[in-house]
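Trainee: Provided below: upload_20.cif, containing mmCIF, N, CA and C atoms.
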```
data_final
#
loop_
_atom_site.group_PDB
_atom_site.id
_atom_site.type_symbol
_atom_site.label_atom_id
_atom_site.label_comp_id
_atom_site.auth_asym_id
_atom_site.auth_seq_id
_atom_site.Cartn_x
_atom_site.Cartn_y
_atom_site.Cartn_z
ATOM 1 N N MET A 1 -18.297 6.165 -5.776
ATOM 2 C CA MET A 1 -17.858 5.820 -7.114
ATOM 3 C C MET A 1 -16.351 5.593 -7.100
ATOM 4 N N MET A 2 -15.941 4.477 -7.655
ATOM 5 C CA MET A 2 -14.525 4.133 -7.685
ATOM 6 C C MET A 2 -13.863 4.731 -8.925
ATOM 7 N N LEU A 3 -12.662 5.242 -8.744
ATOM 8 C CA LEU A 3 -11.908 5.798 -9.864
ATOM 9 C C LEU A 3 -11.274 4.669 -10.671
ATOM 10 N N PRO A 4 -11.308 4.747 -11.991
ATOM 11 C CA PRO A 4 -10.663 3.706 -12.797
ATOM 12 C C PRO A 4 -9.139 3.866 -12.760
ATOM 13 N N CYS A 5 -8.453 2.747 -12.923
ATOM 14 C CA CYS A 5 -6.989 2.766 -12.925
ATOM 15 C C CYS A 5 -6.496 3.142 -14.326
ATOM 16 N N PRO A 6 -5.768 4.255 -14.468
ATOM 17 C CA PRO A 6 -5.291 4.656 -15.790
ATOM 18 C C PRO A 6 -4.295 3.648 -16.380
ATOM 19 N N PHE A 7 -3.461 3.032 -15.549
ATOM 20 C CA PHE A 7 -2.498 2.040 -16.029
ATOM 21 C C PHE A 7 -3.226 0.833 -16.607
ATOM 22 N N HIS A 8 -4.274 0.377 -15.918
ATOM 23 C CA HIS A 8 -5.049 -0.771 -16.396
ATOM 24 C C HIS A 8 -5.800 -0.428 -17.680
ATOM 25 N N GLN A 9 -6.304 0.792 -17.763
ATOM 26 C CA GLN A 9 -7.019 1.202 -18.967
ATOM 27 C C GLN A 9 -6.095 1.273 -20.175
ATOM 28 N N LEU A 10 -4.852 1.693 -19.971
ATOM 29 C CA LEU A 10 -3.898 1.812 -21.082
ATOM 30 C C LEU A 10 -3.295 0.478 -21.505
ATOM 31 N N THR A 11 -2.972 -0.374 -20.509
ATOM 32 C CA THR A 11 -2.216 -1.593 -20.823
ATOM 33 C C THR A 11 -3.024 -2.878 -20.703
ATOM 34 N N GLY A 12 -4.108 -2.859 -19.947
ATOM 35 C CA GLY A 12 -4.860 -4.076 -19.680
ATOM 36 C C GLY A 12 -4.246 -4.910 -18.558
ATOM 37 N N LEU A 13 -3.141 -4.437 -17.992
ATOM 38 C CA LEU A 13 -2.476 -5.127 -16.884
ATOM 39 C C LEU A 13 -2.868 -4.491 -15.566
ATOM 40 N N ASP A 14 -2.780 -5.265 -14.496
ATOM 41 C CA ASP A 14 -3.064 -4.729 -13.167
ATOM 42 C C ASP A 14 -1.819 -4.076 -12.590
ATOM 43 N N CYS A 15 -1.957 -2.868 -12.104
ATOM 44 C CA CYS A 15 -0.850 -2.204 -11.422
ATOM 45 C C CYS A 15 -0.834 -2.697 -9.971
ATOM 46 N N PRO A 16 0.205 -2.380 -9.192
ATOM 47 C CA PRO A 16 0.245 -2.835 -7.799
ATOM 48 C C PRO A 16 -0.934 -2.338 -6.967
ATOM 49 N N PHE A 17 -1.556 -1.252 -7.374
ATOM 50 C CA PHE A 17 -2.639 -0.673 -6.596
ATOM 51 C C PHE A 17 -4.027 -1.029 -7.103
ATOM 52 N N CYS A 18 -4.135 -1.765 -8.206
ATOM 53 C CA CYS A 18 -5.451 -2.148 -8.720
ATOM 54 C C CYS A 18 -6.203 -2.940 -7.655
ATOM 55 N N GLY A 19 -7.420 -2.524 -7.376
ATOM 56 C CA GLY A 19 -8.232 -3.171 -6.358
ATOM 57 C C GLY A 19 -8.038 -2.579 -4.974
ATOM 58 N N MET A 20 -7.124 -1.625 -4.840
ATOM 59 C CA MET A 20 -6.824 -1.057 -3.527
ATOM 60 C C MET A 20 -8.018 -0.262 -2.982
ATOM 61 N N GLN A 21 -8.700 0.491 -3.829
ATOM 62 C CA GLN A 21 -9.854 1.268 -3.362
ATOM 63 C C GLN A 21 -10.946 0.333 -2.856
ATOM 64 N N ARG A 22 -11.277 -0.671 -3.658
ATOM 65 C CA ARG A 22 -12.314 -1.623 -3.250
ATOM 66 C C ARG A 22 -11.881 -2.396 -2.006
ATOM 67 N N SER A 23 -10.599 -2.737 -1.936
ATOM 68 C CA SER A 23 -10.080 -3.449 -0.777
ATOM 69 C C SER A 23 -10.210 -2.600 0.487
ATOM 70 N N PHE A 24 -9.882 -1.328 0.377
ATOM 71 C CA PHE A 24 -9.977 -0.431 1.524
ATOM 72 C C PHE A 24 -11.433 -0.259 1.969
ATOM 73 N N VAL A 25 -12.362 -0.156 1.014
ATOM 74 C CA VAL A 25 -13.782 -0.033 1.352
ATOM 75 C C VAL A 25 -14.257 -1.298 2.075
ATOM 76 N N GLU A 26 -13.856 -2.470 1.565
ATOM 77 C CA GLU A 26 -14.232 -3.721 2.223
ATOM 78 C C GLU A 26 -13.622 -3.810 3.617
ATOM 79 N N LEU A 27 -12.406 -3.321 3.763
ATOM 80 C CA LEU A 27 -11.747 -3.310 5.063
ATOM 81 C C LEU A 27 -12.516 -2.430 6.042
ATOM 82 N N LEU A 28 -12.945 -1.262 5.595
ATOM 83 C CA LEU A 28 -13.728 -0.364 6.454
ATOM 84 C C LEU A 28 -15.076 -0.966 6.826
ATOM 85 N N ASN A 29 -15.622 -1.812 5.943
ATOM 86 C CA ASN A 29 -16.899 -2.473 6.218
ATOM 87 C C ASN A 29 -16.729 -3.732 7.063
ATOM 88 N N GLY A 30 -15.482 -4.065 7.395
ATOM 89 C CA GLY A 30 -15.230 -5.215 8.246
ATOM 90 C C GLY A 30 -15.107 -6.537 7.508
ATOM 91 N N ASN A 31 -15.078 -6.501 6.181
ATOM 92 C CA ASN A 31 -14.945 -7.720 5.380
ATOM 93 C C ASN A 31 -13.457 -7.981 5.113
ATOM 94 N N LEU A 32 -12.783 -8.546 6.101
ATOM 95 C CA LEU A 32 -11.330 -8.714 6.027
ATOM 96 C C LEU A 32 -10.901 -9.671 4.926
ATOM 97 N N ILE A 33 -11.616 -10.770 4.774
ATOM 98 C CA ILE A 33 -11.242 -11.757 3.751
ATOM 99 C C ILE A 33 -11.435 -11.180 2.356
ATOM 100 N N GLU A 34 -12.548 -10.497 2.126
ATOM 101 C CA GLU A 34 -12.803 -9.879 0.825
ATOM 102 C C GLU A 34 -11.751 -8.805 0.535
ATOM 103 N N ALA A 35 -11.379 -8.034 1.543
ATOM 104 C CA ALA A 35 -10.352 -7.010 1.370
ATOM 105 C C ALA A 35 -9.031 -7.646 0.965
ATOM 106 N N PHE A 36 -8.680 -8.755 1.603
ATOM 107 C CA PHE A 36 -7.443 -9.453 1.273
ATOM 108 C C PHE A 36 -7.489 -10.011 -0.144
ATOM 109 N N MET A 37 -8.622 -10.545 -0.558
ATOM 110 C CA MET A 37 -8.747 -11.143 -1.890
ATOM 111 C C MET A 37 -8.650 -10.082 -2.992
ATOM 112 N N LEU A 38 -9.132 -8.883 -2.734
ATOM 113 C CA LEU A 38 -9.089 -7.831 -3.747
ATOM 114 C C LEU A 38 -7.675 -7.323 -3.989
ATOM 115 N N ASN A 39 -6.896 -7.154 -2.919
ATOM 116 C CA ASN A 39 -5.510 -6.725 -3.076
ATOM 117 C C ASN A 39 -4.741 -7.053 -1.797
ATOM 118 N N PRO A 40 -4.030 -8.191 -1.781
ATOM 119 C CA PRO A 40 -3.328 -8.614 -0.564
ATOM 120 C C PRO A 40 -2.212 -7.679 -0.111
ATOM 121 N N ILE A 41 -1.698 -6.846 -0.995
ATOM 122 C CA ILE A 41 -0.577 -5.973 -0.624
ATOM 123 C C ILE A 41 -1.001 -4.938 0.421
ATOM 124 N N ILE A 42 -2.302 -4.706 0.558
ATOM 125 C CA ILE A 42 -2.775 -3.732 1.554
ATOM 126 C C ILE A 42 -2.344 -4.150 2.952
ATOM 127 N N TRP A 43 -2.234 -5.461 3.202
ATOM 128 C CA TRP A 43 -1.829 -5.944 4.522
ATOM 129 C C TRP A 43 -0.353 -5.659 4.783
ATOM 130 N N CYS A 44 0.433 -5.514 3.736
ATOM 131 C CA CYS A 44 1.845 -5.160 3.905
ATOM 132 C C CYS A 44 2.021 -3.654 4.053
ATOM 133 N N LEU A 45 1.190 -2.897 3.365
ATOM 134 C CA LEU A 45 1.334 -1.445 3.381
ATOM 135 C C LEU A 45 0.703 -0.780 4.603
ATOM 136 N N MET A 46 -0.340 -1.379 5.159
ATOM 137 C CA MET A 46 -1.028 -0.746 6.291
ATOM 138 C C MET A 46 -0.122 -0.518 7.496
ATOM 139 N N PRO A 47 0.666 -1.515 7.929
ATOM 140 C CA PRO A 47 1.539 -1.240 9.085
ATOM 141 C C PRO A 47 2.554 -0.134 8.792
ATOM 142 N N TYR A 48 3.148 -0.153 7.615
ATOM 143 C CA TYR A 48 4.113 0.886 7.247
ATOM 144 C C TYR A 48 3.430 2.257 7.206
ATOM 145 N N GLY A 49 2.257 2.314 6.585
ATOM 146 C CA GLY A 49 1.519 3.577 6.517
ATOM 147 C C GLY A 49 1.160 4.095 7.900
ATOM 148 N N GLY A 50 0.760 3.183 8.778
ATOM 149 C CA GLY A 50 0.446 3.577 10.148
ATOM 150 C C GLY A 50 1.653 4.135 10.873
ATOM 151 N N ILE A 51 2.815 3.495 10.672
ATOM 152 C CA ILE A 51 4.047 3.969 11.297
ATOM 153 C C ILE A 51 4.407 5.351 10.772
ATOM 154 N N VAL A 52 4.292 5.534 9.467
ATOM 155 C CA VAL A 52 4.632 6.834 8.875
ATOM 156 C C VAL A 52 3.711 7.922 9.406
ATOM 157 N N VAL A 53 2.408 7.651 9.475
ATOM 158 C CA VAL A 53 1.465 8.654 9.970
ATOM 159 C C VAL A 53 1.727 8.969 11.440
ATOM 160 N N MET A 54 1.893 7.919 12.244
ATOM 161 C CA MET A 54 2.135 8.146 13.675
ATOM 162 C C MET A 54 3.431 8.911 13.910
ATOM 163 N N CYS A 55 4.461 8.576 13.167
ATOM 164 C CA CYS A 55 5.747 9.252 13.349
ATOM 165 C C CYS A 55 5.711 10.681 12.829
ATOM 166 N N SER A 56 4.934 10.914 11.782
ATOM 167 C CA SER A 56 4.803 12.286 11.275
ATOM 168 C C SER A 56 4.136 13.166 12.317
ATOM 169 N N VAL A 57 3.102 12.646 12.953
ATOM 170 C CA VAL A 57 2.426 13.395 14.013
ATOM 171 C C VAL A 57 3.373 13.575 15.189
ATOM 172 N N ARG A 58 4.080 12.517 15.528
ATOM 173 C CA ARG A 58 5.004 12.565 16.660
ATOM 174 C C ARG A 58 6.157 13.532 16.405
ATOM 175 N N GLN A 59 6.611 13.620 15.161
ATOM 176 C CA GLN A 59 7.704 14.530 14.834
ATOM 177 C C GLN A 59 7.290 15.985 14.989
ATOM 178 N N GLN A 60 6.003 16.245 14.885
ATOM 179 C CA GLN A 60 5.549 17.614 15.102
ATOM 180 C C GLN A 60 5.804 18.026 16.542
ATOM 181 N N VAL A 61 5.739 17.043 17.443
ATOM 182 C CA VAL A 61 5.963 17.323 18.855
ATOM 183 C C VAL A 61 7.455 17.290 19.170
ATOM 184 N N ARG A 62 8.165 16.214 18.700
ATOM 185 C CA ARG A 62 9.607 16.090 18.912
ATOM 186 C C ARG A 62 10.160 15.108 17.893
ATOM 187 N N MET A 63 11.443 15.141 17.694
ATOM 188 C CA MET A 63 12.074 14.237 16.725
ATOM 189 C C MET A 63 11.960 12.796 17.226
ATOM 190 N N SER A 64 11.681 11.900 16.313
ATOM 191 C CA SER A 64 11.507 10.496 16.649
ATOM 192 C C SER A 64 12.477 9.652 15.826
ATOM 193 N N LYS A 65 13.184 8.724 16.468
ATOM 194 C CA LYS A 65 14.096 7.844 15.739
ATOM 195 C C LYS A 65 13.327 6.956 14.774
ATOM 196 N N ILE A 66 12.142 6.501 15.172
ATOM 197 C CA ILE A 66 11.326 5.660 14.291
ATOM 198 C C ILE A 66 10.885 6.471 13.080
ATOM 199 N N GLY A 67 10.530 7.721 13.278
ATOM 200 C CA GLY A 67 10.115 8.576 12.175
ATOM 201 C C GLY A 67 11.212 8.757 11.152
ATOM 202 N N VAL A 68 12.442 8.905 11.632
ATOM 203 C CA VAL A 68 13.576 9.046 10.724
ATOM 204 C C VAL A 68 13.745 7.759 9.920
ATOM 205 N N TRP A 69 13.571 6.589 10.580
ATOM 206 C CA TRP A 69 13.670 5.304 9.894
ATOM 207 C C TRP A 69 12.547 5.155 8.870
ATOM 208 N N ALA A 70 11.310 5.489 9.260
ATOM 209 C CA ALA A 70 10.157 5.283 8.389
ATOM 210 C C ALA A 70 10.222 6.154 7.142
ATOM 211 N N MET A 71 10.865 7.294 7.231
ATOM 212 C CA MET A 71 10.937 8.206 6.105
ATOM 213 C C MET A 71 12.273 8.132 5.369
ATOM 214 N N SER A 72 13.164 7.230 5.768
ATOM 215 C CA SER A 72 14.486 7.187 5.148
ATOM 216 C C SER A 72 14.399 6.721 3.696
ATOM 217 N N ASN A 73 15.394 7.096 2.915
ATOM 218 C CA ASN A 73 15.429 6.709 1.506
ATOM 219 C C ASN A 73 15.494 5.195 1.351
ATOM 220 N N ASN A 74 16.200 4.515 2.258
ATOM 221 C CA ASN A 74 16.295 3.058 2.179
ATOM 222 C C ASN A 74 14.931 2.408 2.358
ATOM 223 N N THR A 75 14.183 2.862 3.348
ATOM 224 C CA THR A 75 12.863 2.282 3.616
ATOM 225 C C THR A 75 11.913 2.569 2.466
ATOM 226 N N ILE A 76 11.921 3.772 1.963
ATOM 227 C CA ILE A 76 11.062 4.119 0.829
ATOM 228 C C ILE A 76 11.454 3.287 -0.385
ATOM 229 N N GLY A 77 12.748 3.063 -0.584
ATOM 230 C CA GLY A 77 13.214 2.219 -1.681
ATOM 231 C C GLY A 77 12.742 0.783 -1.540
ATOM 232 N N ILE A 78 12.756 0.253 -0.317
ATOM 233 C CA ILE A 78 12.279 -1.119 -0.082
ATOM 234 C C ILE A 78 10.794 -1.222 -0.392
ATOM 235 N N VAL A 79 10.015 -0.247 0.045
ATOM 236 C CA VAL A 79 8.578 -0.252 -0.248
ATOM 237 C C VAL A 79 8.355 -0.178 -1.761
ATOM 238 N N PHE A 80 9.130 0.631 -2.450
ATOM 239 C CA PHE A 80 9.013 0.738 -3.910
ATOM 240 C C PHE A 80 9.324 -0.602 -4.571
ATOM 241 N N ILE A 81 10.374 -1.284 -4.123
ATOM 242 C CA ILE A 81 10.735 -2.585 -4.696
ATOM 243 C C ILE A 81 9.641 -3.618 -4.438
ATOM 244 N N ILE A 82 9.079 -3.614 -3.229
ATOM 245 C CA ILE A 82 7.986 -4.542 -2.912
ATOM 246 C C ILE A 82 6.811 -4.299 -3.839
ATOM 247 N N LEU A 83 6.445 -3.036 -4.045
ATOM 248 C CA LEU A 83 5.328 -2.717 -4.938
ATOM 249 C C LEU A 83 5.626 -3.108 -6.381
ATOM 250 N N LEU A 84 6.842 -2.894 -6.820
ATOM 251 C CA LEU A 84 7.230 -3.269 -8.177
ATOM 252 C C LEU A 84 7.137 -4.785 -8.370
ATOM 253 N N LEU A 85 7.675 -5.538 -7.417
ATOM 254 C CA LEU A 85 7.612 -6.998 -7.505
ATOM 255 C C LEU A 85 6.173 -7.496 -7.454
ATOM 256 N N TRP A 86 5.347 -6.892 -6.601
ATOM 257 C CA TRP A 86 3.941 -7.273 -6.519
ATOM 258 C C TRP A 86 3.233 -6.993 -7.853
ATOM 259 N N GLY A 87 3.529 -5.855 -8.468
ATOM 260 C CA GLY A 87 2.926 -5.531 -9.766
ATOM 261 C C GLY A 87 3.289 -6.534 -10.830
ATOM 262 N N ILE A 88 4.519 -7.023 -10.810
ATOM 263 C CA ILE A 88 4.962 -8.019 -11.794
ATOM 264 C C ILE A 88 4.338 -9.375 -11.485
ATOM 265 N N LEU A 89 4.398 -9.800 -10.228
ATOM 266 C CA LEU A 89 3.883 -11.115 -9.844
ATOM 267 C C LEU A 89 2.373 -11.257 -10.072
ATOM 268 N N ARG A 90 1.617 -10.227 -9.778
ATOM 269 C CA ARG A 90 0.163 -10.364 -9.916
ATOM 270 C C ARG A 90 -0.268 -10.498 -11.375
ATOM 271 N N ASN A 91 0.563 -10.048 -12.301
ATOM 272 C CA ASN A 91 0.225 -10.207 -13.713
ATOM 273 C C ASN A 91 0.747 -11.524 -14.287
ATOM 274 N N ILE A 92 1.768 -12.108 -13.639
ATOM 275 C CA ILE A 92 2.293 -13.397 -14.084
ATOM 276 C C ILE A 92 1.405 -14.537 -13.596
ATOM 277 N N LEU A 93 0.978 -14.446 -12.327
ATOM 278 C CA LEU A 93 0.195 -15.534 -11.721
ATOM 279 C C LEU A 93 -1.221 -15.471 -12.141
#
```
Now, as a test, write the supplied structure out as structure tokens.
Mentor:
Amino acid sequence: MMLPCPFHQLTGLDCPFCGMQRSFVELLNGNLIEAFMLNPIIWCLMPYGGIVVMCSVRQQVRMSKIGVWAMSNNTIGIVFIILLLWGILRNIL
């Protein structure tokens, strides 16, 4: 069962994450095109998420320069700006 988006329920607009659950399920089922059509931003977030997870695990063993980069305020700010712009663009187009 998919959880409803509270932002969409309140405003009628799509948030940057609307369709992300369905997109992820389609991705796990191997339907790459359907996953992309539901929410294309998942293709931008997956590499970053993978880097963050790998570096978090790696930092448990030893400090990693990539981990410091992936968790830096600048990088998190860039991801936030990308999500904000995607949220605006998907409702305009």
Trainee: List the spatial neighbours of A:Glu34 as a ChimeraX atom specification - criterion: any atom at most 9 Å away, only C-alpha atoms, same-chain residues fewer than 6 positions off excluded.
Mentor: /A:23,26-27
Trainee: Give the helix (DSSP H, G or I) residues of chain A, as assigned by DSSP on the backbone, as an MDAnalysis selection string.
Mentor: chainID A and resid 6:11 20:28 32:38 42:61 65:70 73:92
Trainee: So what do you get for atom N of A:Leu84 versus atom C of A:Pro16, distance-wise?
Mentor: 7.8 Å
Trainee: Using all atoms listed in the file, can you list as a list in words the residues within 8 Å of (-8.8, -5.3, -3.5)?
Mentor: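 Within the cut-off we find Phe17, Cys18, Gly19, Met20, Gln21, Arg22, Ser23, Phe24, Val25, Glu26, Glu34, Ala35, Phe36, Met37, Leu38, Asn39, Pro40, Ile41 and Ile42 of chain A.
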Trainee: Please produce a file of those selected residues containing N, CA and C atoms, as a compact mmCIF listing (two decimals), keeping the file's coordinate frame.
Mentor:
```
# COMPACT_ATOMS: atom_id res chain seq x y z
N PHE A 17 -1.56 -1.25 -7.37
CA PHE A 17 -2.64 -0.67 -6.60
C PHE A 17 -4.03 -1.03 -7.10
N CYS A 18 -4.14 -1.76 -8.21
CA CYS A 18 -5.45 -2.15 -8.72
C CYS A 18 -6.20 -2.94 -7.66
N GLY A 19 -7.42 -2.52 -7.38
CA GLY A 19 -8.23 -3.17 -6.36
C GLY A 19 -8.04 -2.58 -4.97
N MET A 20 -7.12 -1.62 -4.84
CA MET A 20 -6.82 -1.06 -3.53
C MET A 20 -8.02 -0.26 -2.98
N GLN A 21 -8.70 0.49 -3.83
CA GLN A 21 -9.85 1.27 -3.36
C GLN A 21 -10.95 0.33 -2.86
N ARG A 22 -11.28 -0.67 -3.66
CA ARG A 22 -12.31 -1.62 -3.25
C ARG A 22 -11.88 -2.40 -2.01
N SER A 23 -10.60 -2.74 -1.94
CA SER A 23 -10.08 -3.45 -0.78
C SER A 23 -10.21 -2.60 0.49
N PHE A 24 -9.88 -1.33 0.38
CA PHE A 24 -9.98 -0.43 1.52
C PHE A 24 -11.43 -0.26 1.97
N VAL A 25 -12.36 -0.16 1.01
CA VAL A 25 -13.78 -0.03 1.35
C VAL A 25 -14.26 -1.30 2.08
N GLU A 26 -13.86 -2.47 1.56
CA GLU A 26 -14.23 -3.72 2.22
C GLU A 26 -13.62 -3.81 3.62
N GLU A 34 -12.55 -10.50 2.13
CA GLU A 34 -12.80 -9.88 0.82
C GLU A 34 -11.75 -8.80 0.54
N ALA A 35 -11.38 -8.03 1.54
CA ALA A 35 -10.35 -7.01 1.37
C ALA A 35 -9.03 -7.65 0.96
N PHE A 36 -8.68 -8.76 1.60
CA PHE A 36 -7.44 -9.45 1.27
C PHE A 36 -7.49 -10.01 -0.14
N MET A 37 -8.62 -10.54 -0.56
CA MET A 37 -8.75 -11.14 -1.89
C MET A 37 -8.65 -10.08 -2.99
N LEU A 38 -9.13 -8.88 -2.73
CA LEU A 38 -9.09 -7.83 -3.75
C LEU A 38 -7.68 -7.32 -3.99
N ASN A 39 -6.90 -7.15 -2.92
CA ASN A 39 -5.51 -6.72 -3.08
C ASN A 39 -4.74 -7.05 -1.80
N PRO A 40 -4.03 -8.19 -1.78
CA PRO A 40 -3.33 -8.61 -0.56
C PRO A 40 -2.21 -7.68 -0.11
N ILE A 41 -1.70 -6.85 -1.00
CA ILE A 41 -0.58 -5.97 -0.62
C ILE A 41 -1.00 -4.94 0.42
N ILE A 42 -2.30 -4.71 0.56
CA ILE A 42 -2.78 -3.73 1.55
C ILE A 42 -2.34 -4.15 2.95
```
Trainee: Can you pull out the residues contacting A:Gly87? Cut-off 6 Å, using all atoms listed in the file, and skip same-chain residues under 5 positions away; I want them as a count of residues only.
Mentor: 4
Trainee: Take atom N of A:Phe80 and atom N of A:Leu3 and report the distance between them in Å, one decimal.
Mentor: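 For atom N of A:Phe80 relative to atom N of A:Leu3, the distance reads 23.1 Å.
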Trainee: Have a look at atom C of A:Gly50 and atom CA of A:Met2 and let me know their distance in Å, one decimal.
Mentor: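 Here the two named atoms are 24.6 Å from each other.
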Trainee: Which one is closest to A:Ile76: A:Leu89, A:Leu45, A:Ile33, A:Met1? Count only C-alpha atoms.
Mentor: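 Distance minimum relative to A:Ile76 lands on A:Leu45.
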Trainee: Would you mind completing stretch 43-51 of chain A so that it carries all heavy atoms, and writing it out as a JSON list (two decimals), keeping the file's coordinate frame?
Mentor:
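What follows is the written file rebuild-v5.json:
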```
[["chain", "number", "residue", "atom", "x", "y", "z"],
["A", 43, "TRP", "N", -2.23, -5.46, 3.20],
["A", 43, "TRP", "CA", -1.83, -5.94, 4.52],
["A", 43, "TRP", "C", -0.35, -5.66, 4.78],
["A", 43, "TRP", "O", 0.06, -5.59, 5.93],
["A", 43, "TRP", "CB", -2.14, -7.43, 4.67],
["A", 43, "TRP", "CG", -3.59, -7.68, 4.56],
["A", 43, "TRP", "CD1", -4.25, -8.18, 3.48],
["A", 43, "TRP", "CD2", -4.59, -7.42, 5.54],
["A", 43, "TRP", "NE1", -5.60, -8.24, 3.74],
["A", 43, "TRP", "CE2", -5.83, -7.78, 4.99],
["A", 43, "TRP", "CE3", -4.55, -6.90, 6.82],
["A", 43, "TRP", "CZ2", -7.01, -7.65, 5.69],
["A", 43, "TRP", "CZ3", -5.75, -6.78, 7.52],
["A", 43, "TRP", "CH2", -6.95, -7.15, 6.95],
["A", 44, "CYS", "N", 0.43, -5.51, 3.74],
["A", 44, "CYS", "CA", 1.84, -5.16, 3.90],
["A", 44, "CYS", "C", 2.02, -3.65, 4.05],
["A", 44, "CYS", "O", 2.91, -3.19, 4.76],
["A", 44, "CYS", "CB", 2.66, -5.63, 2.70],
["A", 44, "CYS", "SG", 2.71, -7.41, 2.53],
["A", 45, "LEU", "N", 1.19, -2.90, 3.36],
["A", 45, "LEU", "CA", 1.33, -1.44, 3.38],
["A", 45, "LEU", "C", 0.70, -0.78, 4.60],
["A", 45, "LEU", "O", 1.16, 0.27, 5.03],
["A", 45, "LEU", "CB", 0.72, -0.85, 2.12],
["A", 45, "LEU", "CG", 1.41, -1.17, 0.81],
["A", 45, "LEU", "CD1", 0.65, -0.56, -0.35],
["A", 45, "LEU", "CD2", 2.84, -0.69, 0.83],
["A", 46, "MET", "N", -0.34, -1.38, 5.16],
["A", 46, "MET", "CA", -1.03, -0.75, 6.29],
["A", 46, "MET", "C", -0.12, -0.52, 7.50],
["A", 46, "MET", "O", -0.11, 0.59, 8.05],
["A", 46, "MET", "CB", -2.27, -1.54, 6.68],
["A", 46, "MET", "CG", -3.44, -1.25, 5.81],
["A", 46, "MET", "SD", -5.00, -2.00, 6.30],
["A", 46, "MET", "CE", -4.67, -3.01, 7.67],
["A", 47, "PRO", "N", 0.67, -1.52, 7.93],
["A", 47, "PRO", "CA", 1.54, -1.24, 9.09],
["A", 47, "PRO", "C", 2.55, -0.13, 8.79],
["A", 47, "PRO", "O", 2.78, 0.75, 9.64],
["A", 47, "PRO", "CB", 2.24, -2.57, 9.34],
["A", 47, "PRO", "CG", 1.37, -3.59, 8.71],
["A", 47, "PRO", "CD", 0.71, -2.91, 7.54],
["A", 48, "TYR", "N", 3.15, -0.15, 7.62],
["A", 48, "TYR", "CA", 4.11, 0.89, 7.25],
["A", 48, "TYR", "C", 3.43, 2.26, 7.21],
["A", 48, "TYR", "O", 3.95, 3.24, 7.74],
["A", 48, "TYR", "CB", 4.77, 0.57, 5.91],
["A", 48, "TYR", "CG", 5.70, 1.66, 5.45],
["A", 48, "TYR", "CD1", 6.93, 1.86, 6.07],
["A", 48, "TYR", "CD2", 5.34, 2.51, 4.41],
["A", 48, "TYR", "CE1", 7.78, 2.88, 5.66],
["A", 48, "TYR", "CE2", 6.19, 3.52, 4.00],
["A", 48, "TYR", "CZ", 7.40, 3.70, 4.63],
["A", 48, "TYR", "OH", 8.22, 4.71, 4.23],
["A", 49, "GLY", "N", 2.26, 2.31, 6.58],
["A", 49, "GLY", "CA", 1.52, 3.58, 6.52],
["A", 49, "GLY", "C", 1.16, 4.10, 7.90],
["A", 49, "GLY", "O", 1.25, 5.29, 8.17],
["A", 50, "GLY", "N", 0.76, 3.18, 8.78],
["A", 50, "GLY", "CA", 0.45, 3.58, 10.15],
["A", 50, "GLY", "C", 1.65, 4.14, 10.87],
["A", 50, "GLY", "O", 1.56, 5.13, 11.59],
["A", 51, "ILE", "N", 2.82, 3.50, 10.67],
["A", 51, "ILE", "CA", 4.05, 3.97, 11.30],
["A", 51, "ILE", "C", 4.41, 5.35, 10.77],
["A", 51, "ILE", "O", 4.76, 6.25, 11.54],
["A", 51, "ILE", "CB", 5.20, 2.98, 11.06],
["A", 51, "ILE", "CG1", 4.97, 1.71, 11.87],
["A", 51, "ILE", "CG2", 6.54, 3.60, 11.41],
["A", 51, "ILE", "CD1", 5.92, 0.58, 11.53]]
```
